[in-house]
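Down below is the structure, laid out as structure tokens.
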Amino acid sequence: HIDRLQRFQNTPEYRAERTVEALGMVYRCHYPTLSPETARGAKRSPFHDRLAQAGAYFRDVSGWESPDWYAPAGHAPRVERLSFGRMNWFPWWQAEHEAARGGVVLMDMSFMGKLLVQGRDAGARLNVLSGADVDGPAGRITYTQWLNPTGTLEADLTVTKLDDERFLVVVTDTQLRHAEAWMRRHLADAHAFVTDVTGAYGQLNLQGPRSRELLQALTAADVSGDAFPYRTAREIPIGYAPVLCIRITYLGELGYELYIPAEHAAHVYDRILAVGPPFRLRHAGLKALASCRLEKGYRDYGHDMDNTDTAFEAGLGAFLDFRKPGGFLGREAARRQRESGPPRRRLLQILLEDPEPLMFHAEVVHRNGRPVGYLRSASYGHTLRGAVGLAMIEAGEPVDQRYVEAGRWEVEIAGKRVPARASLTPLYDPRMERIKA
């Protein structure tokens with residue numbers, strides 16, 4: 001699909017470098033943590049140099065140099081040897097994960113796509129595109145899906161209503177051009193204007209049970225649980241900077257996303273680091289993001305689900321609002337899917353019972369000795385004490401609680417079948433008690 005590509009990827013130099021490397025990798029071993037080596041440095045967040053000093057090991061994320069993990073003082077941030085086993089950085093990643101679960105971490109998420117939608121028709125038209133109601137009170141963030149007329153997924157994102165005529169749509173890096181093109185296509189005749197503001201903001205995420213304490217030490221705004229509940233979006237001052245602060249998480253913890261104007265980004269980062277020591281603030285990278293989100297069962301569009309899946313197959317049917325006035329694109333197809341009963345193919349969370357093996361992607365899942373699906377993404381759950389991931393199960397019968405409980409589950413890893421646990425609901429904090437603390 002042409003809109004998967006970003007504009008910088010069409011420059012002659014990028015194409016000359018990256019295509020040679022990509023073709024050269026066709027018949028080589030695809031290690032799960034291998035990152036491209038050519039066409040690097042195309043995009044850097046405002047925090048890049050500071051993160052490099054903090055020990056970041058950078059990987060390519062749609063052209064962005066983004067920290068994957070951090071080496072502690074005295075160690076160089078390098079991969080000693082590619083492997084399908086535990087690599088040299090495994091314990092450093094574990095420490096970041098545990099800090100997110102027990103303390104507070106700082107993550108550079110500037111690579112996330114940010115689209116500002118403005119105009120008198122913006123709210124109404126976004127509401128038609130979105131399965132959830134995104135045009136409620138101002139100052140709220142809503143997690144939603146976009147469907148096409150056949151009822152399969154086109155995008156998975158958040159919409160923040162800043163005021164009656166301004167909305168911030170945030171998508172993953174791989175969805176940016178597609179979400180932008182989808183909106184422009186469906187807003188063409190409306191008084192609604194889409195602007196890509198990704199590079200205009202540095203994004204820092206504060207996540208973990210101590211994130212509220214640290215944030216309160218940074219600002220005079222009241223960020224208590226009562227004054228700043230879950231899904232609140234509000235501009236707050238941090239130092240000299242006006243910062244859009246959103247209480248939301250992709251890790252499954254109490255947490256906040258800070259959208260900082262690029263010209264203030266370094267200033268805010270320095271303020272955070274200055275107040276961090278009493279809270280044992282730790283930098284964390286994408287490896288910790290992946291392991292935390294997969295423990296919580298959070299989906300990633302383009303990995304766990306795509307435009308061949310329905311919201312019900314992805315386990316996201318509950319986010320579709322069939323009662324909101326005006327409906328939404330794909331509602332009738334989705335209604336038929338809902339009325340047909342439990343889906344016969346369904347995304348399940350899978351946890352290995354043996355703490356030693358690792359999972360990465362595409363491992364075959366067996367139920368009662370028969371292959372029924374494969375892992376779409378996986379990581380290591382340091383809190384759950386085992387490899388964990390999301391697998392699409394092709395059952396041929398309704399995938400409900402009875403189906404899950406009646407199965408003997410195994411995952412094939414390196415030619416061996418490892419006993420596993422399957423679940424329809426998150427294995428970590430299923431009641432969202434930590435998130436809403």
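Labeling convention for the structure tokens: chains A, B, ... as they appear, residues from 1 per chain, ligands from 1 in order of appearance.
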
Q.
Which residues are near Ala387 of chain A? Cut-off 7 Å, only C-alpha atoms, ignore same chain within fewer than 5 positions. Put them as a PyMOL selection string.
A. chain A and resi 351-352+355+357-359+379-381

Quick one: DSSP strand (DSSP E or B) residues in segment 67-233 of chain A, as a PyMOL selection string?
-> chain A and resi 67-70+105-108+113-118+130+140-147+152-163+166-171+193-196+201-207+232-233

Near Arg299 of chain A, within 10 Å and counting only C-alpha atoms, which residues show up once chain neighbours fewer than 6 positions away are dropped, as a VMD selection string?
chain A and resid 156 250 293 305 314 to 316 347 377 389 to 390

note - atom CA of Glu65 of chain A and atom CA of Gln6 of chain A are separated by 15.2 Å

Q) Near Ala288 of chain A, counting only C-alpha atoms, which residues have an atom at most 8 Å away, once you skip same-chain residues fewer than 3 positions from it, shown as a PyMOL selection string? A) chain A and resi 69+93-94+96-97+284-285+291-292

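Considering the residues A:Gly252, A:Pro36, A:Gly202, A:Gly317 and counting only C-alpha atoms, Val61 of chain A has its shortest atom-to-atom contact with A:Pro36.
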
message: I'd like the contact shell of Ile141 of chain A - 9 Å cut-off, only C-alpha atoms, skipping same-chain residues fewer than 3 positions apart - returned as a count of residues only.
response: 14

- request: Mind checking which residues fall within 7 Å of segment 235-239 of chain A, counting only C-alpha atoms, ignoring those fewer than 3 positions away in the same chain, and posting them as an NGL selection string?
  value: :A and (218-219 or 221 or 242-245 or 268)

Store the residues picked out above in a file with N, CA, C and O atoms, as a PDB file, in the first residue's frame.
ATOM      1  N   LEU A 218       6.995  18.631  39.495  1.00  0.00           N
ATOM      2  CA  LEU A 218       7.406  19.431  38.342  1.00  0.00           C
ATOM      3  C   LEU A 218       6.503  20.619  38.066  1.00  0.00           C
ATOM      4  O   LEU A 218       6.894  21.549  37.358  1.00  0.00           O
ATOM      5  N   THR A 219       5.267  20.586  38.568  1.00  0.00           N
ATOM      6  CA  THR A 219       4.277  21.567  38.137  1.00  0.00           C
ATOM      7  C   THR A 219       3.442  22.066  39.303  1.00  0.00           C
ATOM      8  O   THR A 219       3.226  21.348  40.291  1.00  0.00           O
ATOM      9  N   ALA A 221       0.327  22.776  38.735  1.00  0.00           N
ATOM     10  CA  ALA A 221      -1.015  22.267  38.448  1.00  0.00           C
ATOM     11  C   ALA A 221      -1.326  21.092  39.360  1.00  0.00           C
ATOM     12  O   ALA A 221      -0.439  20.329  39.750  1.00  0.00           O
ATOM     13  N   PRO A 242       4.682  25.444  28.308  1.00  0.00           N
ATOM     14  CA  PRO A 242       3.312  24.931  28.326  1.00  0.00           C
ATOM     15  C   PRO A 242       3.325  23.517  27.720  1.00  0.00           C
ATOM     16  O   PRO A 242       3.763  23.315  26.589  1.00  0.00           O
ATOM     17  N   VAL A 243       2.825  22.547  28.469  1.00  0.00           N
ATOM     18  CA  VAL A 243       2.917  21.149  28.065  1.00  0.00           C
ATOM     19  C   VAL A 243       1.523  20.533  28.059  1.00  0.00           C
ATOM     20  O   VAL A 243       0.770  20.676  29.028  1.00  0.00           O
ATOM     21  N   LEU A 244       1.176  19.846  26.972  1.00  0.00           N
ATOM     22  CA  LEU A 244      -0.071  19.078  26.944  1.00  0.00           C
ATOM     23  C   LEU A 244       0.190  17.771  27.671  1.00  0.00           C
ATOM     24  O   LEU A 244       0.996  16.947  27.237  1.00  0.00           O
ATOM     25  N   CYS A 245      -0.503  17.587  28.788  1.00  0.00           N
ATOM     26  CA  CYS A 245      -0.331  16.397  29.622  1.00  0.00           C
ATOM     27  C   CYS A 245      -1.589  15.544  29.502  1.00  0.00           C
ATOM     28  O   CYS A 245      -2.701  16.036  29.703  1.00  0.00           O
ATOM     29  N   VAL A 268      12.355  20.923  29.350  1.00  0.00           N
ATOM     30  CA  VAL A 268      11.483  20.075  30.162  1.00  0.00           C
ATOM     31  C   VAL A 268      12.208  18.783  30.541  1.00  0.00           C
ATOM     32  O   VAL A 268      12.101  18.317  31.682  1.00  0.00           O
TER      33      VAL A 268
END

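Atom pair atom CA of Gly119 of chain A / atom CA of Pro137 of chain A: separated by 16.4 Å.
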
>> Residues of segment 22-182 of chain A classed as alpha helix (DSSP H) by DSSP on the backbone are to be reported as an NGL selection string.
In response: :A and (22-24 or 48-53 or 90-102 or 122-129 or 176-182)

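Nearest-residue note for Asp300 of chain A: choosing from A:Asp173, A:Asp163, A:Glu80, A:Asp3, the minimum distance belongs to A:Asp173, counting only C-alpha atoms.
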
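In this structure, atom CA of Gly103 of chain A sits 14.6 Å away from atom CA of Leu273 of chain A.
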
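Residue nearest Ala274 of chain A, chosen from A:Leu286, A:Ala333, A:Leu214, A:Leu176 and counting only C-alpha atoms: A:Leu214.
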
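The shortest atom-to-atom distance to Asp354 of chain A, with only C-alpha atoms taken into account, belongs to A:Gly386 out of A:Gly386, A:Gly373, A:Gly297, A:Pro261.
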
Quick one: residues within 6 Å of segment 194-196 of chain A, only C-alpha atoms counted, chain neighbours fewer than 4 positions away excluded, as a PyMOL selection string? chain A and resi 115-117
